[in-house]
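A.B. asks: Following this line is start04.cif, made up of mmCIF, N, CA and C atoms:
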data_coords
loop_
_atom_site.label_atom_id
_atom_site.label_comp_id
_atom_site.auth_asym_id
_atom_site.auth_seq_id
_atom_site.Cartn_x
_atom_site.Cartn_y
_atom_site.Cartn_z
N MET Q 9 -0.60 -11.34 11.57
CA MET Q 9 0.16 -10.28 10.93
C MET Q 9 0.39 -9.16 11.96
N ASN Q 10 1.57 -8.64 11.95
CA ASN Q 10 1.90 -7.53 12.83
C ASN Q 10 2.05 -6.29 11.95
N ILE Q 11 1.02 -5.44 11.99
CA ILE Q 11 1.00 -4.25 11.14
C ILE Q 11 0.95 -3.02 12.03
N GLU Q 12 1.92 -2.16 11.87
CA GLU Q 12 1.99 -0.92 12.64
C GLU Q 12 1.67 0.25 11.72
N LEU Q 13 0.71 1.08 12.13
CA LEU Q 13 0.35 2.26 11.35
C LEU Q 13 0.63 3.51 12.16
N THR Q 14 1.32 4.45 11.53
CA THR Q 14 1.64 5.72 12.15
C THR Q 14 1.11 6.84 11.25
N ASN Q 15 0.24 7.67 11.81
CA ASN Q 15 -0.31 8.80 11.06
C ASN Q 15 0.41 10.07 11.52
N LEU Q 16 1.28 10.57 10.67
CA LEU Q 16 2.06 11.77 10.97
C LEU Q 16 1.43 13.02 10.37
N THR Q 17 0.15 12.93 10.00
CA THR Q 17 -0.57 14.05 9.39
C THR Q 17 -1.73 14.45 10.29
N ASN Q 18 -2.40 15.52 9.89
CA ASN Q 18 -3.63 15.94 10.57
C ASN Q 18 -4.87 15.37 9.90
N VAL Q 19 -4.67 14.55 8.89
CA VAL Q 19 -5.77 13.96 8.14
C VAL Q 19 -6.35 12.79 8.93
N GLU Q 20 -7.65 12.84 9.10
CA GLU Q 20 -8.32 11.74 9.79
C GLU Q 20 -8.81 10.73 8.77
N CYS Q 21 -8.58 9.46 9.10
CA CYS Q 21 -9.06 8.37 8.27
C CYS Q 21 -9.32 7.18 9.19
N ARG Q 22 -9.94 6.17 8.63
CA ARG Q 22 -10.20 4.96 9.41
C ARG Q 22 -8.94 4.09 9.37
N GLU Q 23 -8.05 4.36 10.31
CA GLU Q 23 -6.76 3.68 10.33
C GLU Q 23 -6.92 2.18 10.50
N ASP Q 24 -7.89 1.74 11.31
CA ASP Q 24 -8.13 0.31 11.51
C ASP Q 24 -8.47 -0.37 10.18
N ASP Q 25 -9.18 0.34 9.31
CA ASP Q 25 -9.53 -0.24 8.01
C ASP Q 25 -8.29 -0.38 7.13
N LEU Q 26 -7.36 0.54 7.21
CA LEU Q 26 -6.12 0.42 6.43
C LEU Q 26 -5.32 -0.78 6.90
N VAL Q 27 -5.26 -0.98 8.19
CA VAL Q 27 -4.57 -2.15 8.74
C VAL Q 27 -5.29 -3.42 8.29
N SER Q 28 -6.61 -3.42 8.37
CA SER Q 28 -7.40 -4.58 8.01
C SER Q 28 -7.25 -4.95 6.54
N VAL Q 29 -7.29 -3.98 5.64
CA VAL Q 29 -7.17 -4.28 4.22
C VAL Q 29 -5.75 -4.76 3.89
N ALA Q 30 -4.75 -4.22 4.56
CA ALA Q 30 -3.38 -4.70 4.37
C ALA Q 30 -3.27 -6.15 4.82
N GLN Q 31 -3.85 -6.45 5.98
CA GLN Q 31 -3.82 -7.81 6.50
C GLN Q 31 -4.51 -8.77 5.53
N HIS Q 32 -5.64 -8.36 4.99
CA HIS Q 32 -6.35 -9.21 4.03
C HIS Q 32 -5.47 -9.51 2.82
N ALA Q 33 -4.86 -8.48 2.26
CA ALA Q 33 -4.00 -8.67 1.09
C ALA Q 33 -2.82 -9.59 1.41
N MET Q 34 -2.24 -9.41 2.58
CA MET Q 34 -1.09 -10.24 2.98
C MET Q 34 -1.52 -11.69 3.15
N GLN Q 35 -2.66 -11.91 3.77
CA GLN Q 35 -3.17 -13.28 3.94
C GLN Q 35 -3.50 -13.90 2.59
N ALA Q 36 -4.15 -13.12 1.72
CA ALA Q 36 -4.52 -13.62 0.40
C ALA Q 36 -3.29 -14.00 -0.42
N MET Q 37 -2.18 -13.36 -0.16
CA MET Q 37 -0.94 -13.66 -0.87
C MET Q 37 -0.14 -14.78 -0.20
N GLY Q 38 -0.69 -15.36 0.87
CA GLY Q 38 -0.07 -16.52 1.50
C GLY Q 38 1.14 -16.22 2.36
N LEU Q 39 1.15 -15.04 3.00
CA LEU Q 39 2.29 -14.70 3.85
C LEU Q 39 2.14 -15.31 5.23
N HIS Q 40 3.24 -15.51 5.89
CA HIS Q 40 3.28 -16.08 7.24
C HIS Q 40 2.46 -15.20 8.18
N GLU Q 41 1.77 -15.82 9.12
CA GLU Q 41 0.89 -15.08 10.04
C GLU Q 41 1.63 -14.10 10.93
N GLU Q 42 2.94 -14.23 11.07
CA GLU Q 42 3.71 -13.30 11.90
C GLU Q 42 4.53 -12.31 11.07
N CYS Q 43 4.21 -12.23 9.80
CA CYS Q 43 4.88 -11.27 8.92
C CYS Q 43 4.59 -9.84 9.40
N GLU Q 44 5.56 -8.96 9.26
CA GLU Q 44 5.43 -7.58 9.75
C GLU Q 44 5.36 -6.58 8.60
N LEU Q 45 4.63 -5.50 8.86
CA LEU Q 45 4.47 -4.41 7.89
C LEU Q 45 4.34 -3.10 8.65
N SER Q 46 4.91 -2.06 8.08
CA SER Q 46 4.78 -0.72 8.64
C SER Q 46 4.09 0.16 7.60
N ILE Q 47 3.08 0.92 8.05
CA ILE Q 47 2.38 1.87 7.19
C ILE Q 47 2.49 3.24 7.84
N SER Q 48 2.94 4.23 7.08
CA SER Q 48 3.04 5.60 7.59
C SER Q 48 2.29 6.55 6.67
N LEU Q 49 1.55 7.46 7.27
CA LEU Q 49 0.88 8.53 6.54
C LEU Q 49 1.68 9.79 6.78
N VAL Q 50 2.12 10.43 5.69
CA VAL Q 50 2.97 11.62 5.81
C VAL Q 50 2.39 12.77 5.00
N ASP Q 51 2.87 13.97 5.28
CA ASP Q 51 2.41 15.14 4.52
C ASP Q 51 3.19 15.24 3.20
N GLU Q 52 2.79 16.19 2.37
CA GLU Q 52 3.39 16.32 1.04
C GLU Q 52 4.86 16.74 1.09
N VAL Q 53 5.25 17.51 2.09
CA VAL Q 53 6.65 17.92 2.21
C VAL Q 53 7.52 16.69 2.44
N GLU Q 54 7.10 15.84 3.38
CA GLU Q 54 7.85 14.62 3.67
C GLU Q 54 7.84 13.67 2.48
N MET Q 55 6.68 13.51 1.84
CA MET Q 55 6.59 12.60 0.69
C MET Q 55 7.47 13.09 -0.45
N SER Q 56 7.49 14.40 -0.67
CA SER Q 56 8.35 14.96 -1.71
C SER Q 56 9.81 14.65 -1.44
N ALA Q 57 10.22 14.82 -0.18
CA ALA Q 57 11.61 14.54 0.19
C ALA Q 57 11.95 13.06 -0.04
N LEU Q 58 11.05 12.17 0.35
CA LEU Q 58 11.27 10.73 0.14
C LEU Q 58 11.30 10.39 -1.35
N HIS Q 59 10.42 11.00 -2.10
CA HIS Q 59 10.32 10.73 -3.54
C HIS Q 59 11.61 11.15 -4.25
N VAL Q 60 12.16 12.29 -3.88
CA VAL Q 60 13.42 12.75 -4.47
C VAL Q 60 14.57 11.84 -4.04
N ARG Q 61 14.62 11.56 -2.74
CA ARG Q 61 15.74 10.79 -2.21
C ARG Q 61 15.80 9.37 -2.75
N TRP Q 62 14.67 8.69 -2.79
CA TRP Q 62 14.68 7.27 -3.12
C TRP Q 62 14.32 6.96 -4.57
N MET Q 63 13.58 7.84 -5.23
CA MET Q 63 13.16 7.56 -6.61
C MET Q 63 13.77 8.56 -7.59
N ASP Q 64 14.45 9.57 -7.05
CA ASP Q 64 15.05 10.61 -7.88
C ASP Q 64 14.02 11.29 -8.78
N GLU Q 65 12.81 11.47 -8.23
CA GLU Q 65 11.73 12.14 -8.95
C GLU Q 65 11.21 13.28 -8.10
N PRO Q 66 10.95 14.44 -8.71
CA PRO Q 66 10.50 15.61 -7.94
C PRO Q 66 9.03 15.52 -7.54
N GLY Q 67 8.68 16.21 -6.48
CA GLY Q 67 7.29 16.33 -6.05
C GLY Q 67 6.80 15.13 -5.28
N ALA Q 68 5.63 15.32 -4.70
CA ALA Q 68 5.01 14.26 -3.91
C ALA Q 68 4.41 13.20 -4.83
N THR Q 69 4.07 12.08 -4.26
CA THR Q 69 3.37 11.01 -4.94
C THR Q 69 2.37 10.40 -3.96
N ASP Q 70 1.55 9.49 -4.42
CA ASP Q 70 0.51 8.92 -3.57
C ASP Q 70 1.02 7.85 -2.61
N VAL Q 71 1.90 6.97 -3.09
CA VAL Q 71 2.38 5.86 -2.27
C VAL Q 71 3.81 5.49 -2.67
N LEU Q 72 4.60 5.17 -1.68
CA LEU Q 72 5.93 4.61 -1.89
C LEU Q 72 6.01 3.32 -1.08
N SER Q 73 6.72 2.35 -1.61
CA SER Q 73 6.88 1.07 -0.94
C SER Q 73 8.36 0.74 -0.85
N PHE Q 74 8.79 0.33 0.35
CA PHE Q 74 10.19 -0.01 0.59
C PHE Q 74 10.27 -1.43 1.14
N PRO Q 75 10.58 -2.41 0.29
CA PRO Q 75 10.65 -3.80 0.76
C PRO Q 75 11.85 -4.01 1.69
N MET Q 76 11.70 -5.00 2.57
CA MET Q 76 12.77 -5.28 3.54
C MET Q 76 13.39 -6.67 3.34
N ASP Q 77 12.66 -7.72 3.70
CA ASP Q 77 13.23 -9.07 3.77
C ASP Q 77 12.99 -9.92 2.53
N GLU Q 78 12.63 -9.31 1.41
CA GLU Q 78 12.35 -10.05 0.19
C GLU Q 78 11.34 -11.18 0.42
N VAL Q 79 10.29 -10.83 1.14
CA VAL Q 79 9.18 -11.76 1.36
C VAL Q 79 8.47 -11.95 0.03
N LYS Q 80 8.14 -13.19 -0.29
CA LYS Q 80 7.50 -13.51 -1.56
C LYS Q 80 6.10 -14.08 -1.31
N PRO Q 81 5.22 -13.99 -2.31
CA PRO Q 81 3.90 -14.60 -2.18
C PRO Q 81 4.00 -16.09 -1.85
N ASN Q 82 3.01 -16.58 -1.13
CA ASN Q 82 2.94 -18.00 -0.74
C ASN Q 82 4.19 -18.46 0.00
N SER Q 83 4.67 -17.61 0.91
CA SER Q 83 5.88 -17.92 1.66
C SER Q 83 5.59 -18.22 3.13
N SER Q 84 4.36 -18.61 3.44
CA SER Q 84 4.01 -18.83 4.85
C SER Q 84 4.84 -19.94 5.47
N SER Q 85 5.30 -20.88 4.68
CA SER Q 85 6.11 -21.98 5.23
C SER Q 85 7.55 -21.55 5.48
N GLN Q 86 7.95 -20.40 4.97
CA GLN Q 86 9.32 -19.92 5.14
C GLN Q 86 9.51 -19.15 6.44
N GLY Q 87 8.45 -18.94 7.20
CA GLY Q 87 8.56 -18.21 8.45
C GLY Q 87 8.26 -16.74 8.30
N ALA Q 88 8.29 -16.07 9.44
CA ALA Q 88 7.96 -14.65 9.49
C ALA Q 88 9.09 -13.82 8.89
N GLY Q 89 8.73 -12.63 8.49
CA GLY Q 89 9.71 -11.70 7.96
C GLY Q 89 9.13 -10.30 7.97
N MET Q 90 9.98 -9.33 7.74
CA MET Q 90 9.54 -7.94 7.64
C MET Q 90 9.27 -7.64 6.18
N LEU Q 91 7.96 -7.51 5.83
CA LEU Q 91 7.59 -7.23 4.45
C LEU Q 91 8.17 -5.90 4.00
N GLY Q 92 8.04 -4.87 4.84
CA GLY Q 92 8.60 -3.57 4.50
C GLY Q 92 7.75 -2.42 4.98
N ASP Q 93 7.94 -1.27 4.33
CA ASP Q 93 7.26 -0.03 4.70
C ASP Q 93 6.43 0.49 3.54
N ILE Q 94 5.22 0.91 3.86
CA ILE Q 94 4.37 1.61 2.89
C ILE Q 94 4.20 3.03 3.41
N ILE Q 95 4.47 4.00 2.55
CA ILE Q 95 4.31 5.40 2.90
C ILE Q 95 3.17 5.96 2.04
N LEU Q 96 2.16 6.50 2.69
CA LEU Q 96 1.00 7.08 2.01
C LEU Q 96 0.97 8.59 2.22
N CYS Q 97 0.51 9.32 1.23
CA CYS Q 97 0.37 10.77 1.33
C CYS Q 97 -1.11 11.12 1.16
N PRO Q 98 -1.85 11.28 2.26
CA PRO Q 98 -3.29 11.54 2.17
C PRO Q 98 -3.66 12.79 1.38
N ASP Q 99 -2.88 13.86 1.47
CA ASP Q 99 -3.21 15.09 0.73
C ASP Q 99 -3.15 14.83 -0.78
N PHE Q 100 -2.12 14.15 -1.23
CA PHE Q 100 -2.00 13.80 -2.64
C PHE Q 100 -3.13 12.85 -3.04
N ALA Q 101 -3.38 11.87 -2.19
CA ALA Q 101 -4.42 10.87 -2.45
C ALA Q 101 -5.80 11.51 -2.52
N ALA Q 102 -6.05 12.55 -1.72
CA ALA Q 102 -7.36 13.22 -1.72
C ALA Q 102 -7.64 13.86 -3.08
N ARG Q 103 -6.64 14.49 -3.66
CA ARG Q 103 -6.82 15.10 -4.99
C ARG Q 103 -7.05 14.01 -6.04
N GLN Q 104 -6.33 12.94 -5.91
CA GLN Q 104 -6.48 11.82 -6.84
C GLN Q 104 -7.88 11.22 -6.72
N ALA Q 105 -8.35 11.04 -5.48
CA ALA Q 105 -9.68 10.47 -5.23
C ALA Q 105 -10.77 11.35 -5.83
N GLU Q 106 -10.60 12.65 -5.69
CA GLU Q 106 -11.59 13.58 -6.24
C GLU Q 106 -11.68 13.44 -7.76
N LYS Q 107 -10.54 13.34 -8.41
CA LYS Q 107 -10.51 13.17 -9.86
C LYS Q 107 -11.19 11.87 -10.28
N LEU Q 108 -11.04 10.83 -9.44
CA LEU Q 108 -11.60 9.52 -9.76
C LEU Q 108 -13.04 9.34 -9.31
N GLY Q 109 -13.54 10.32 -8.56
CA GLY Q 109 -14.94 10.30 -8.15
C GLY Q 109 -15.26 9.43 -6.96
N HIS Q 110 -14.29 9.24 -6.08
CA HIS Q 110 -14.58 8.52 -4.83
C HIS Q 110 -13.89 9.22 -3.67
N GLY Q 111 -14.09 8.71 -2.47
CA GLY Q 111 -13.60 9.36 -1.27
C GLY Q 111 -12.15 9.04 -0.93
N LEU Q 112 -11.61 9.83 -0.02
CA LEU Q 112 -10.23 9.64 0.42
C LEU Q 112 -10.02 8.27 1.05
N GLN Q 113 -10.93 7.83 1.90
CA GLN Q 113 -10.76 6.54 2.56
C GLN Q 113 -10.63 5.41 1.54
N GLN Q 114 -11.49 5.42 0.55
CA GLN Q 114 -11.44 4.40 -0.49
C GLN Q 114 -10.10 4.44 -1.22
N GLU Q 115 -9.60 5.63 -1.50
CA GLU Q 115 -8.32 5.77 -2.18
C GLU Q 115 -7.17 5.27 -1.31
N LEU Q 116 -7.20 5.57 -0.02
CA LEU Q 116 -6.15 5.10 0.88
C LEU Q 116 -6.16 3.58 1.01
N GLU Q 117 -7.35 2.99 1.00
CA GLU Q 117 -7.45 1.53 1.05
C GLU Q 117 -6.83 0.92 -0.21
N LEU Q 118 -7.17 1.48 -1.37
CA LEU Q 118 -6.61 1.02 -2.64
C LEU Q 118 -5.08 1.15 -2.63
N LEU Q 119 -4.59 2.30 -2.18
CA LEU Q 119 -3.15 2.53 -2.16
C LEU Q 119 -2.43 1.61 -1.19
N THR Q 120 -3.10 1.24 -0.11
CA THR Q 120 -2.51 0.30 0.84
C THR Q 120 -2.31 -1.06 0.19
N VAL Q 121 -3.34 -1.56 -0.48
CA VAL Q 121 -3.20 -2.84 -1.19
C VAL Q 121 -2.16 -2.72 -2.29
N HIS Q 122 -2.17 -1.62 -3.01
CA HIS Q 122 -1.18 -1.36 -4.06
C HIS Q 122 0.23 -1.44 -3.47
N GLY Q 123 0.43 -0.82 -2.31
CA GLY Q 123 1.73 -0.85 -1.66
C GLY Q 123 2.14 -2.25 -1.25
N VAL Q 124 1.21 -3.03 -0.72
CA VAL Q 124 1.52 -4.42 -0.33
C VAL Q 124 1.99 -5.20 -1.56
N LEU Q 125 1.29 -5.05 -2.67
CA LEU Q 125 1.67 -5.77 -3.88
C LEU Q 125 3.05 -5.34 -4.39
N HIS Q 126 3.35 -4.04 -4.32
CA HIS Q 126 4.70 -3.60 -4.70
C HIS Q 126 5.75 -4.24 -3.80
N LEU Q 127 5.48 -4.34 -2.50
CA LEU Q 127 6.43 -4.94 -1.58
C LEU Q 127 6.69 -6.41 -1.91
N LEU Q 128 5.72 -7.04 -2.54
CA LEU Q 128 5.85 -8.45 -2.92
C LEU Q 128 6.44 -8.63 -4.32
N GLY Q 129 6.86 -7.52 -4.93
CA GLY Q 129 7.54 -7.60 -6.21
C GLY Q 129 6.68 -7.34 -7.43
N PHE Q 130 5.41 -7.01 -7.24
CA PHE Q 130 4.55 -6.71 -8.38
C PHE Q 130 4.83 -5.31 -8.88
N ASP Q 131 4.63 -5.12 -10.18
CA ASP Q 131 4.85 -3.81 -10.79
C ASP Q 131 3.81 -3.60 -11.88
N HIS Q 132 3.78 -2.39 -12.43
CA HIS Q 132 2.80 -2.07 -13.46
C HIS Q 132 3.41 -1.24 -14.59
N ARG Q 133 4.68 -1.44 -14.84
CA ARG Q 133 5.35 -0.70 -15.92
C ARG Q 133 4.95 -1.23 -17.29
N GLN Q 134 4.82 -2.53 -17.41
CA GLN Q 134 4.43 -3.16 -18.66
C GLN Q 134 2.94 -3.50 -18.62
N PRO Q 135 2.27 -3.46 -19.77
CA PRO Q 135 0.82 -3.72 -19.79
C PRO Q 135 0.42 -5.05 -19.15
N GLU Q 136 1.18 -6.11 -19.40
CA GLU Q 136 0.83 -7.40 -18.82
C GLU Q 136 1.05 -7.43 -17.30
N GLU Q 137 2.08 -6.74 -16.83
CA GLU Q 137 2.31 -6.61 -15.38
C GLU Q 137 1.17 -5.82 -14.74
N LYS Q 138 0.78 -4.74 -15.40
CA LYS Q 138 -0.28 -3.88 -14.89
C LYS Q 138 -1.59 -4.67 -14.78
N GLU Q 139 -1.89 -5.46 -15.78
CA GLU Q 139 -3.12 -6.26 -15.77
C GLU Q 139 -3.14 -7.22 -14.57
N ILE Q 140 -2.02 -7.86 -14.31
CA ILE Q 140 -1.94 -8.80 -13.19
C ILE Q 140 -2.05 -8.05 -11.86
N MET Q 141 -1.24 -7.01 -11.69
CA MET Q 141 -1.21 -6.29 -10.42
C MET Q 141 -2.55 -5.62 -10.12
N PHE Q 142 -3.11 -4.92 -11.09
CA PHE Q 142 -4.37 -4.23 -10.86
C PHE Q 142 -5.52 -5.21 -10.70
N GLY Q 143 -5.43 -6.37 -11.34
CA GLY Q 143 -6.44 -7.41 -11.16
C GLY Q 143 -6.44 -7.93 -9.73
N LEU Q 144 -5.24 -8.20 -9.19
CA LEU Q 144 -5.13 -8.65 -7.80
C LEU Q 144 -5.62 -7.57 -6.84
N GLN Q 145 -5.22 -6.35 -7.11
CA GLN Q 145 -5.61 -5.20 -6.28
C GLN Q 145 -7.13 -5.11 -6.18
N GLU Q 146 -7.80 -5.17 -7.30
CA GLU Q 146 -9.27 -5.08 -7.32
C GLU Q 146 -9.91 -6.29 -6.65
N LYS Q 147 -9.36 -7.46 -6.90
CA LYS Q 147 -9.88 -8.69 -6.28
C LYS Q 147 -9.81 -8.60 -4.76
N PHE Q 148 -8.66 -8.21 -4.24
CA PHE Q 148 -8.49 -8.14 -2.79
C PHE Q 148 -9.39 -7.09 -2.16
N LEU Q 149 -9.52 -5.94 -2.85
CA LEU Q 149 -10.42 -4.89 -2.32
C LEU Q 149 -11.87 -5.37 -2.30
N GLN Q 150 -12.31 -6.03 -3.36
CA GLN Q 150 -13.68 -6.54 -3.42
C GLN Q 150 -13.92 -7.59 -2.34
N GLU Q 151 -12.97 -8.52 -2.18
CA GLU Q 151 -13.10 -9.56 -1.14
C GLU Q 151 -13.18 -8.93 0.24
N TRP Q 152 -12.29 -7.99 0.49
CA TRP Q 152 -12.24 -7.35 1.80
C TRP Q 152 -13.53 -6.59 2.10
N ARG Q 153 -14.00 -5.83 1.13
CA ARG Q 153 -15.24 -5.07 1.33
C ARG Q 153 -16.44 -5.99 1.51
N ALA Q 154 -16.47 -7.11 0.80
CA ALA Q 154 -17.58 -8.06 0.92
C ALA Q 154 -17.59 -8.75 2.29
N SER Q 155 -16.43 -8.85 2.90
CA SER Q 155 -16.33 -9.54 4.20
C SER Q 155 -16.66 -8.65 5.38
N ARG Q 156 -16.95 -7.40 5.13
CA ARG Q 156 -17.18 -6.44 6.23
C ARG Q 156 -18.61 -6.35 6.62
#
Please express what this file holds, its structure, as structure tokens.
C.D. replies:
Amino acid sequence: MNIELTNLTNVECREDDLVSVAQHAMQAMGLHEECELSISLVDEVEMSALHVRWMDEPGATDVLSFPMDEVKPNSSSQGAGMLGDIILCPDFAARQAEKLGHGLQQELELLTVHGVLHLLGFDHRQPEEKEIMFGLQEKFLQEWRASR
């Protein structure tokens, strides 16, 4: 997997772990070993601008996902492709993590897996979709943490 991470914030996090958890999720979903992904960490001003521009919703959010080549799960035989871009907002995520009672790093790892699943077409608007997506998200995080 070719995963590029760019941190455009002053927030320090274990960037290698974000790359690693994304790679785990991509492998678990059966993507080609040369599949590409971009992860960017941005501040709330940038995230707000992206949120308005692409989702027509005001204010910052925790994660945005922008798919590229319509890569699908279990597509390793179809060759490499550009999965897309995941944009994370650490400042927003830090407040969310505090409310949930865990640390920023844990929240960023969760949001990274969440973003990968969105890029693969998963959603959580309907209860049954949410159950599937959040189940995969938790499974991948548990597997990844157990392997460390």
A.B. asks: At a cut-off of 8 Å, can you tabulate as JSON lines every residue of stretch 30-132 of chain Q near stretch 147-155 of chain Q together with its closest atom pair and the distance in Å to one decimal, using all atoms listed in the file and ordering rows by chain then number?
C.D. replies:
{"residue": "Q:His32", "atom": "C", "partner": "Q:Phe148", "partner_atom": "CA", "distance": 6.5}
{"residue": "Q:Ala33", "atom": "CA", "partner": "Q:Phe148", "partner_atom": "CA", "distance": 6.0}
{"residue": "Q:Ala36", "atom": "CA", "partner": "Q:Phe148", "partner_atom": "CA", "distance": 7.5}
{"residue": "Q:Glu117", "atom": "C", "partner": "Q:Leu149", "partner_atom": "CA", "distance": 7.1}
{"residue": "Q:Leu118", "atom": "CA", "partner": "Q:Leu149", "partner_atom": "CA", "distance": 7.0}
{"residue": "Q:Val121", "atom": "CA", "partner": "Q:Leu149", "partner_atom": "N", "distance": 7.2}
A.B. asks: Give me the result of the PyMOL selection byres ((chain Q and resi 74-78) around 6.5) on this file, residue by residue, as an mmCIF file with N, CA and C atoms, keeping the file's coordinate frame.
C.D. replies:
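Output file part.cif follows:
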data_model
loop_
_atom_site.group_PDB
_atom_site.id
_atom_site.type_symbol
_atom_site.label_atom_id
_atom_site.label_comp_id
_atom_site.auth_asym_id
_atom_site.auth_seq_id
_atom_site.Cartn_x
_atom_site.Cartn_y
_atom_site.Cartn_z
ATOM 1 N N LEU Q 72 4.600 5.170 -1.680
ATOM 2 C CA LEU Q 72 5.930 4.610 -1.890
ATOM 3 C C LEU Q 72 6.010 3.320 -1.080
ATOM 4 N N SER Q 73 6.720 2.350 -1.610
ATOM 5 C CA SER Q 73 6.880 1.070 -0.940
ATOM 6 C C SER Q 73 8.360 0.740 -0.850
ATOM 7 N N VAL Q 79 10.290 -10.830 1.140
ATOM 8 C CA VAL Q 79 9.180 -11.760 1.360
ATOM 9 C C VAL Q 79 8.470 -11.950 0.030
ATOM 10 N N LYS Q 80 8.140 -13.190 -0.290
ATOM 11 C CA LYS Q 80 7.500 -13.510 -1.560
ATOM 12 C C LYS Q 80 6.100 -14.080 -1.310
ATOM 13 N N GLY Q 89 8.730 -12.630 8.490
ATOM 14 C CA GLY Q 89 9.710 -11.700 7.960
ATOM 15 C C GLY Q 89 9.130 -10.300 7.970
ATOM 16 N N MET Q 90 9.980 -9.330 7.740
ATOM 17 C CA MET Q 90 9.540 -7.940 7.640
ATOM 18 C C MET Q 90 9.270 -7.640 6.180
ATOM 19 N N LEU Q 91 7.960 -7.510 5.830
ATOM 20 C CA LEU Q 91 7.590 -7.230 4.450
ATOM 21 C C LEU Q 91 8.170 -5.900 4.000
ATOM 22 N N GLY Q 92 8.040 -4.870 4.840
ATOM 23 C CA GLY Q 92 8.600 -3.570 4.500
ATOM 24 C C GLY Q 92 7.750 -2.420 4.980
ATOM 25 N N ASP Q 93 7.940 -1.270 4.330
ATOM 26 C CA ASP Q 93 7.260 -0.030 4.700
ATOM 27 C C ASP Q 93 6.430 0.490 3.540
ATOM 28 N N ILE Q 94 5.220 0.910 3.860
ATOM 29 C CA ILE Q 94 4.370 1.610 2.890
ATOM 30 C C ILE Q 94 4.200 3.030 3.410
ATOM 31 N N ILE Q 95 4.470 4.000 2.550
ATOM 32 C CA ILE Q 95 4.310 5.400 2.900
ATOM 33 C C ILE Q 95 3.170 5.960 2.040
ATOM 34 N N LEU Q 127 5.480 -4.340 -2.500
ATOM 35 C CA LEU Q 127 6.430 -4.940 -1.580
ATOM 36 C C LEU Q 127 6.690 -6.410 -1.910
#
A.B. asks: So that I can see what lies close to Q:Met55, please list as a ChimeraX atom specification the residues with an atom at most 7 Å from it, counting only N, CA and C atoms and leaving out residues fewer than 3 positions away in the same chain.
C.D. replies: /Q:50-52,58-60,67-69,97
A.B. asks: Go through Q:Asp64, Q:Glu42, Q:Asp99, Q:Glu115 and flag the residue nearest Q:Thr17, using only C-alpha atoms for the distances.
C.D. replies: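 Among the listed residues, Q:Asp99 lies closest to Q:Thr17.
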A.B. asks: Pick out the residues sitting within 6 Å of Q:Met9, and hand them over as a list of chain:residue names; count all atoms listed in the file, and ignore anything fewer than 4 positions along from it in its own chain.
C.D. replies: Q:His40, Q:Glu41, Q:Glu42, Q:Cys43, Q:Glu44
A.B. asks: Rank Q:Glu139, Q:Asp70, Q:Glu106, Q:Ser84 by their smallest atom-to-atom distance to Q:Leu119, using only N, CA and C atoms, and report the top residue only.
C.D. replies: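 Closest to Q:Leu119 of all the choices is Q:Asp70.
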A.B. asks: Taking the chain letters and numbering used in this document, name the residues of stretch 18-100 of chain Q that DSSP puts in strand (DSSP E), as number ranges by chain.
C.D. replies: Q: 44-49, 71-75, 90-96
A.B. asks: Please provide the set of residues having any atom within 7 Å of stretch 19-22 of chain Q, restricted to all atoms listed in the file, with same-chain residues fewer than 5 positions apart removed, written as a PyMOL selection string.
C.D. replies: chain Q and resi 27+98+113
A.B. asks: If you run DSSP on this backbone, which residues of stretch 26-132 of chain Q come out as helix (DSSP H, G or I), and could you give them as a ChimeraX atom specification?
C.D. replies: /Q:26-36,52-63,84-86,98-108,112-127
A.B. asks: Using the chain letters and numbers from the file, give me the residues hit by the PyMOL selection byres ((chain Q and resi 82) around 6.5), as a PyMOL selection string.
C.D. replies: chain Q and resi 37-39+80-81+83-85
A.B. asks: Given the PyMOL selection byres ((chain Q and resi 15) around 6.5) and the file above, list the residues it selects as a PyMOL selection string.
C.D. replies: chain Q and resi 13-14+16-18+47-50
A.B. asks: Is there a way to complete stretch 84-90 of chain Q with N, CA, C and O atoms and then write that out as a compact mmCIF listing (two decimals), in the coordinates of the input?
C.D. replies:
# COMPACT_ATOMS: atom_id res chain seq x y z
N SER Q 84 4.36 -18.61 3.44
CA SER Q 84 4.01 -18.83 4.85
C SER Q 84 4.84 -19.94 5.47
O SER Q 84 5.12 -19.92 6.67
N SER Q 85 5.30 -20.88 4.68
CA SER Q 85 6.11 -21.98 5.23
C SER Q 85 7.55 -21.55 5.48
O SER Q 85 8.30 -22.26 6.15
N GLN Q 86 7.95 -20.40 4.97
CA GLN Q 86 9.32 -19.92 5.14
C GLN Q 86 9.51 -19.15 6.44
O GLN Q 86 10.60 -18.71 6.74
N GLY Q 87 8.45 -18.94 7.20
CA GLY Q 87 8.56 -18.21 8.45
C GLY Q 87 8.26 -16.74 8.30
O GLY Q 87 8.02 -16.23 7.21
N ALA Q 88 8.29 -16.07 9.44
CA ALA Q 88 7.96 -14.65 9.49
C ALA Q 88 9.09 -13.82 8.89
O ALA Q 88 10.24 -14.25 8.83
N GLY Q 89 8.73 -12.63 8.49
CA GLY Q 89 9.71 -11.70 7.96
C GLY Q 89 9.13 -10.30 7.97
O GLY Q 89 7.93 -10.11 8.20
N MET Q 90 9.98 -9.33 7.74
CA MET Q 90 9.54 -7.94 7.64
C MET Q 90 9.27 -7.64 6.18
O MET Q 90 10.19 -7.59 5.36
